[in-house]
Every structure is written in C-alpha cells, then in structure tokens.
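Taking it in order: structure first as structure tokens, then the write-up.
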Amino acid sequence: MAESMTGLKRSSRCTAISEDDIGKELTLMGWVQKRRNLGALIFVDLRDISGIVQILFDEDICGHEVFEKAGSLRSEFVIAVTGKLQKRGGAVNKDLKTGSLELAATALRILSESETPVFPIEDDINTKEEIRLKYRSLDLRRPAIQRNLILRSKVMQSVRSFLTDEGFLEIETPMLTKSTPEGARDYLVPSRVHPGEFYALPQSPQLFKQLLMVSGYDRYFQIARCFRDEDLRADRQPEFTQIDMELSFVDVDDVLDVNERLLQKVFKEAIGLEIELPLQRMTWDSAMERYGSDKPDTRFSMELIRLSETVADSGFSVFSDAVKNNGGVYAINVKGQGDMPRKRLDKLTEDAKGLGAAGLAYIQLKSDGNRKASFEKFLKDGELDSIINKCQGETGDLILIVSGTLKISREVLGQLRVNLAKELGLIDESKYNFLWVVDFPMFEWSDTENRYMAMHHPFTMPYEEDLHLLSDKEALGKVRSKAYDIVLNGTELGGGSIRIHRSDIQEKMFEALGLSLDEANERFGFLLTAFKYGVPPHAGLAYGLDRMIMLMAKAQSIRDVIAFPKVKDASDLMCDAPSVVDKKQLDELFISTIPEENNEGKGE
Ligand code: ASP
C-alpha cells in the first residue's frame, strides 16, 4: 500500500552526499533500482536523477517491521528512506559517486508501487526502440537519456546567458502564423472563427525576427520550436528546436565573430571542449571542389582530385564527353585499398549509382605491383599513367573516379569519401572540426519546379559585385550570396545570411525567383510593408539545437536528445498522435475528411 510523505522532508538528492555527512541522519527518496537479500541484510540501490546510493537494511538497526517491508521492495517502487549515513562495510564501488557510502536505514515508506517495468532501467539495453518510445516515461529514467537532457538544459542556459550578455533580447514569436518561405511543407491549423482558413505553424521565425530588426530591437534571440512537414527520413523530426538570432547593423564578419564566441563558450561549459578561434572558413565553391559537399567533414583528408583537364581528350568517351558538356571528372585516392575484392567494388559501384552517378570507374594499384583499371581498354597510350600521377597513386592504392555533371561527379564522390572513411575507420572520433562554409550560391536550379529557387531563402543578400547578374536569367547560377553555414564534423550545425534591406534589390530577387509582386505581397506583404518605413541592415543565423546536442553527446539518434520525440512517420508512439478526432470537432471547424483510399494527395 502506498504511503504519503507527510512529515518527511528530503535531505538532498541521492548522490548529493559526501564523507562529510557520515553520521548524519538523512532522508533520501527515489526509485528502487535493485534489491539484494543477503540473509540478515538487505541492500537496495536507490536511484534518482542524480544517480544511485546504496541503502542498507540491517534488521538489528531497522527492526523487524522495516526489514520485512524492505523485503517486499521491487524494481521501480518509489520509496523514502531515513537512516544514518555510514562508510560501506563491504567493497567500495568505484563506478558510483557514492561508492564508499551507504545509508543504514531506520525507517522506510513505500510512496508508490510499480508493476514489473517493461524493460530494465539501464543503459545499453537492446529493447526495440518502438517499445522504448511507447513507454517513454520509463525510457526517460535511463541514465544515458537523462544525461542527454541534462546536457541539453545546460546548453540552453549557456546560450541564454551568453546572448543576453551580448545585448540580445529573448523575444517570443507566434506559433499560429502565416506560412513562411523556408521551402518545406507547412503544418496547417484550421481556424474555427474563420471557416476555411488556416494558420501555419512556423517553419522558422524568419519574418518575425526580421520585423523585430525593423522595429529597432537591435539584437534578438529565441530558442524556438519550428515545424516542417518534410519527406520522411529517419533522422528528421517534424518539430525541432532552433537557437535563432538576428542582429542589426552588421556584416558577415560581425555575425561570424559573435557566433564563434558563442560556440566557444557553450561547448566549453557543456562538454569542456576548448575551441580555438577564429574558426576555419571555406567558400562553398572550394568545399564542393575539395570535398564534394557543402558540409565537409575535415577530420580526414582523402580530398577530391579534379581530373577534368587530365582526361579532356581521353580515349574513354564517358570522361571526355563529361568535360565537353561542362561537367566534371573527379577522383579520390583510397589509400591502401588497392586489393579491394571485386564484391566490395561492385557494392561501391551500386552505391555510386544509387547516389545518381551513371557508374564508377576505378583503378586498382595492387600490392603485387599489378594494376587494373575498369576502363583501361578505352584509354590512349600513357593516359592511365597521367591519371595515376595526378592522383599520386602508389602501390596499394585504389582510385575511384566519377564523371558526369559537375554536381553529380563532385557530390557522389563526396558521399563515397565519407562512407569509405566511416567503413575504414579513418575518422578520429575525438576531434571536433568546426568550419564556416561561406559564399553560397544565391540560387539553385530545381528540376521539379523547372526554375531557380533561393538556396537559403529569398531574403538573403547577394554579393554587391554580383547584383548586376540578377536580371540575366542565364547568369543566375553564378550569383553568390552572403549566406553562411556552420559545419561540425560533416554535419550542418546552423546557417544564416545577411538580409536584403533594400526594396529595389528585394524586388529584383522576387523577379529572379519567378515571383510576381502580387504573389510576393500575398505571401509576405506584411514584411514588405514594414520595409517601407526604415530598415536597418541586418543578418541572422539559426542553429539546430537537437543536432548540436546529438553531436555533443555523441548520441546515436536525434530521438535520444529529445524528451518526447516522434518517429520516422511523424507519429508519437507514446500518446498515439496524430489521431482521428470527433466528428463534432471537425464540424466546428467546417472540415470533412476524405477516406484514405480516395486521397491521392497523400504524401510519400
Ligand atoms: N531561418 C533560417 C533557417 O531556419 C536561418 C536564418 O536565416 O537565420 O535556416
């Protein structure tokens, strides 16, 4: 029978005790991790958020009644124990902070009983994730997850204190709003008061934070929840958290500077990491050229080697045609893998095709001195040597080559580079390599939309030198923007840009994006109107907090750093959302639903 805690006061958390407290009478409360009966003694491991402490029930000390009660304790019972703290009689447990101490109980109350937990409350359990998420309240008791959420809280604290000291104001922006132009699908909320109309949940506070700059707030930040109804992917959450900021009267260097110092402080306070400033900067162009990625992992080399010039007149038409068509031919030299078995090479070829390449050419410089190239019979005399030379190929190396459009050839090799480094253990996991990628292209061609889209968003400022290209449809691909990303170990931690604060440039931008002024006004007229009344030059950046914590905690999954995450199909397994609602609720909203089999618009 559960008892109340009336008259009891907890002395401290379970592990907030030390040898200085020996001899004191304490009352500790928490969950039973484990009970062991050793004849006349019962040991209980008592757990709370701080960790575990050992409780000793010795019948000679606690008396028969308490001893009997202790014998009935089972895992996850919630108890309150009063007793005297003493040095452990038995062996010291070095794994525990309280390993040399124990509380010799004199009184025990069972505050709540527990059914047998669905899985043990321990790290490294192999319970299926669906079960863990369904019983999330149990899962959240596991120390590994608790450590992650404690870390998360610490990071948020540290961010708040740094930005506040730097003159940023924490200001909330609405959750029920109008669609913002980040490019993903919106989550919509029907309006009851305005039948047939919908709010959108924010994809980011983008327009509001720019408005705050227009209103003179100078520096804003928010730890903001954002919502994007994107395609299903294992590492994506439909709702996620951004550390979002905006600053006035700044240029790129100012934004990067304050953010470097923010990262330095937060990583030091959260995980004790010393970051040396300034951080490395790389243009988008050179990131793509050297790593085939706009978020290069610089913890290992194996950089891309440009073969386009070397093979421009190749006898192998796949190469020479790619160059003629303004594409590219690139290689990586995988050191020491020249003897890779055929099966693995075939798998690499499949991977390359899966990533969009037409194929994968390779040269094996076998350790016995033989060399074998998958395309050798097409080559002119000396060509193989010049390719190998260009790649600084040595006995034992494997050279992988991809040709095609510039985008495909670089990006496919960039991805193979990362996959191989992981497979071959080339990555020093203890490293934290931060990198700014700057000067992103303003536009990106979309085959599906058949038009140029803004790579970051339409409020991003192009380079002044490139402004004249805005009115030339053919040249849009060459316009560089003042957009920047912060990358950590090959993952994008955050990104932002200098904004357009001049309406003439903004209008040109809409035009380049194929957006008429009417359409632009319809979507974000409130911003454009505000821009008529004095706009400071401004800029901003947003970090993905979940990812940041995941990298700090070296967690396996983004779901392990979010208290109540959703799974791949965007559902919450614990509360079973989304769910069907009462017809009455729908009627109030003037909504009727279409049965699924007729619903052709249903997503991927
Ligand atoms: N709103 C942008 C994003 O979510 C960040 C920014 O430009 O500040 O990526």
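By order in the structure tokens, chains are A, B, ...; within a chain, residues start at 1; ligands start at 1, following the order shown.
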* Which polymer residues have any atom within 6 Å of an atom of Leu103 in chain A, counting only C-alpha atoms, with same-chain residues fewer than 5 positions away left out, as number ranges by chain? -> A: 55-56, 83-85
Quick one: write out the picked residues with C-alpha atoms as a short mmCIF file (atom, residue, chain, number, x, y, z; two decimals), in the first residue's frame?
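Result went into part-v2.cif, see below:
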```cif
data_model
loop_
_atom_site.label_atom_id
_atom_site.label_comp_id
_atom_site.auth_asym_id
_atom_site.auth_seq_id
_atom_site.Cartn_x
_atom_site.Cartn_y
_atom_site.Cartn_z
CA ILE A 55 20.72 1.63 1.30
CA LEU A 56 21.41 -0.99 3.95
CA GLY A 83 18.73 6.47 8.24
CA LYS A 84 22.26 7.27 9.23
CA LEU A 85 24.96 7.71 6.61
#
```
Selection as a PDB file with N, CA, C and O atoms, in the first residue's frame: residues within 6 Å of ligand 1 by only C-alpha atoms and all ligand atoms:
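Result file selection.pdb:
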```pdb
ATOM      1  N   SER A 204      10.168  28.551 -39.299  1.00  0.00           N
ATOM      2  CA  SER A 204      11.200  29.247 -38.538  1.00  0.00           C
ATOM      3  C   SER A 204      10.630  30.634 -38.263  1.00  0.00           C
ATOM      4  O   SER A 204       9.692  31.059 -38.932  1.00  0.00           O
ATOM      5  N   GLN A 206      11.601  33.335 -39.171  1.00  0.00           N
ATOM      6  CA  GLN A 206      12.334  34.206 -40.092  1.00  0.00           C
ATOM      7  C   GLN A 206      11.747  35.613 -40.253  1.00  0.00           C
ATOM      8  O   GLN A 206      12.399  36.605 -39.998  1.00  0.00           O
ATOM      9  N   GLY A 495      22.890  27.812 -39.888  1.00  0.00           N
ATOM     10  CA  GLY A 495      23.144  28.607 -41.075  1.00  0.00           C
ATOM     11  C   GLY A 495      22.352  29.892 -41.023  1.00  0.00           C
ATOM     12  O   GLY A 495      21.405  30.027 -40.236  1.00  0.00           O
ATOM     13  N   GLY A 496      22.765  30.831 -41.845  1.00  0.00           N
ATOM     14  CA  GLY A 496      22.046  32.092 -41.891  1.00  0.00           C
ATOM     15  C   GLY A 496      22.571  32.955 -43.011  1.00  0.00           C
ATOM     16  O   GLY A 496      23.286  32.475 -43.892  1.00  0.00           O
ATOM     17  N   SER A 497      22.213  34.223 -42.958  1.00  0.00           N
ATOM     18  CA  SER A 497      22.633  35.097 -44.045  1.00  0.00           C
ATOM     19  C   SER A 497      22.488  36.561 -43.662  1.00  0.00           C
ATOM     20  O   SER A 497      21.784  36.907 -42.710  1.00  0.00           O
ATOM     21  N   GLY A 540      21.219  37.254 -39.740  1.00  0.00           N
ATOM     22  CA  GLY A 540      20.891  36.314 -38.679  1.00  0.00           C
ATOM     23  C   GLY A 540      21.429  34.941 -38.941  1.00  0.00           C
ATOM     24  O   GLY A 540      22.117  34.691 -39.954  1.00  0.00           O
ATOM     25  N   LEU A 541      21.105  34.095 -38.013  1.00  0.00           N
ATOM     26  CA  LEU A 541      21.578  32.713 -38.094  1.00  0.00           C
ATOM     27  C   LEU A 541      20.709  31.861 -37.180  1.00  0.00           C
ATOM     28  O   LEU A 541      20.161  32.362 -36.198  1.00  0.00           O
ATOM     29  N   ALA A 542      20.565  30.593 -37.512  1.00  0.00           N
ATOM     30  CA  ALA A 542      19.846  29.681 -36.628  1.00  0.00           C
ATOM     31  C   ALA A 542      20.601  28.362 -36.545  1.00  0.00           C
ATOM     32  O   ALA A 542      21.101  27.863 -37.554  1.00  0.00           O
TER      33      ALA A 542
END
```
* Smallest atom-to-atom distance to Met550 in chain A: which of A:Asn433, A:Ser579, A:Asn148, A:Asn450, using only C-alpha atoms? ->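 Among the listed residues, A:Asn148 lies closest to Met550 in chain A.
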* Shortest interatomic distance to Thr106 in chain A - which of A:Leu28, A:Met461, A:Ile305, A:Ala312, counting only C-alpha atoms ->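 Nearest candidate to Thr106 in chain A out of A:Leu28, A:Met461, A:Ile305, A:Ala312: A:Leu28.
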* **Residues within 12 Å of Ala105 in chain A, only C-alpha atoms, excluding chain neighbours under 6 positions, as a ChimeraX atom specification** => /A:24-28,41-44,46,54-63,66-67,69-70,79-86
Next, the residues of the selection above should be written as a PDB file, in the first residue's frame with C-alpha atoms.
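Ended up saving to part_30.pdb:
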```pdb
ATOM      1  CA  LYS A  24      24.178  12.407   9.957  1.00  0.00           C
ATOM      2  CA  GLU A  25      20.557  11.304   9.799  1.00  0.00           C
ATOM      3  CA  LEU A  26      19.289  11.745   6.243  1.00  0.00           C
ATOM      4  CA  THR A  27      16.077  11.112   4.373  1.00  0.00           C
ATOM      5  CA  LEU A  28      16.537  10.116   0.740  1.00  0.00           C
ATOM      6  CA  LEU A  41      20.942  -7.880   5.431  1.00  0.00           C
ATOM      7  CA  ILE A  42      19.039  -6.326   2.531  1.00  0.00           C
ATOM      8  CA  PHE A  43      20.742  -3.957   0.123  1.00  0.00           C
ATOM      9  CA  VAL A  44      18.769  -1.583  -2.062  1.00  0.00           C
ATOM     10  CA  LEU A  46      18.173   3.825  -4.653  1.00  0.00           C
ATOM     11  CA  GLN A  54      23.224   2.146  -1.526  1.00  0.00           C
ATOM     12  CA  ILE A  55      20.724   1.627   1.298  1.00  0.00           C
ATOM     13  CA  LEU A  56      21.407  -0.991   3.945  1.00  0.00           C
ATOM     14  CA  PHE A  57      18.564  -2.637   5.838  1.00  0.00           C
ATOM     15  CA  ASP A  58      20.055  -4.437   8.829  1.00  0.00           C
ATOM     16  CA  GLU A  59      17.355  -5.999  10.976  1.00  0.00           C
ATOM     17  CA  ASP A  60      19.374  -5.185  14.098  1.00  0.00           C
ATOM     18  CA  ILE A  61      19.296  -1.494  13.183  1.00  0.00           C
ATOM     19  CA  CYS A  62      15.939  -1.024  11.472  1.00  0.00           C
ATOM     20  CA  GLY A  63      13.860  -3.517  13.366  1.00  0.00           C
ATOM     21  CA  VAL A  66      11.016  -2.183   8.439  1.00  0.00           C
ATOM     22  CA  PHE A  67      13.129  -5.185   7.470  1.00  0.00           C
ATOM     23  CA  LYS A  69       8.862  -4.132   4.354  1.00  0.00           C
ATOM     24  CA  ALA A  70      12.279  -3.769   2.702  1.00  0.00           C
ATOM     25  CA  ILE A  79      10.414   4.976  -1.561  1.00  0.00           C
ATOM     26  CA  ALA A  80      11.550   7.331   1.175  1.00  0.00           C
ATOM     27  CA  VAL A  81      14.263   6.048   3.494  1.00  0.00           C
ATOM     28  CA  THR A  82      15.508   7.634   6.679  1.00  0.00           C
ATOM     29  CA  GLY A  83      18.733   6.468   8.243  1.00  0.00           C
ATOM     30  CA  LYS A  84      22.262   7.271   9.229  1.00  0.00           C
ATOM     31  CA  LEU A  85      24.959   7.707   6.615  1.00  0.00           C
ATOM     32  CA  GLN A  86      27.955   5.462   7.169  1.00  0.00           C
TER      33      GLN A  86
END
```
* Any idea what's packed within 6 Å of range 325-337 of chain A, counting only C-alpha atoms, ignoring anything in its chain fewer than 6 positions away? Could you give it as an MDAnalysis selection string? -> chainID A and resid 304:308 396:406
What would the file look like if the residues just selected were written as a PDB file, in the first residue's frame with C-alpha atoms?
```
ATOM      1  CA  LEU A 304      38.652  15.084 -54.322  1.00  0.00           C
ATOM      2  CA  ILE A 305      41.105  15.297 -57.214  1.00  0.00           C
ATOM      3  CA  ARG A 306      39.969  17.146 -60.312  1.00  0.00           C
ATOM      4  CA  LEU A 307      40.738  15.071 -63.397  1.00  0.00           C
ATOM      5  CA  SER A 308      38.686  17.112 -65.881  1.00  0.00           C
ATOM      6  CA  GLY A 396      48.358  -0.499 -52.819  1.00  0.00           C
ATOM      7  CA  ASP A 397      46.039   2.406 -53.637  1.00  0.00           C
ATOM      8  CA  LEU A 398      42.522   2.356 -55.037  1.00  0.00           C
ATOM      9  CA  ILE A 399      41.487   5.245 -57.257  1.00  0.00           C
ATOM     10  CA  LEU A 400      37.763   5.836 -57.696  1.00  0.00           C
ATOM     11  CA  ILE A 401      36.542   8.090 -60.500  1.00  0.00           C
ATOM     12  CA  VAL A 402      33.119   9.587 -61.145  1.00  0.00           C
ATOM     13  CA  SER A 403      32.181  11.641 -64.187  1.00  0.00           C
ATOM     14  CA  GLY A 404      29.004  13.464 -65.139  1.00  0.00           C
ATOM     15  CA  THR A 405      27.586  16.877 -64.381  1.00  0.00           C
ATOM     16  CA  LEU A 406      29.714  18.955 -62.067  1.00  0.00           C
TER      17      LEU A 406
END
```
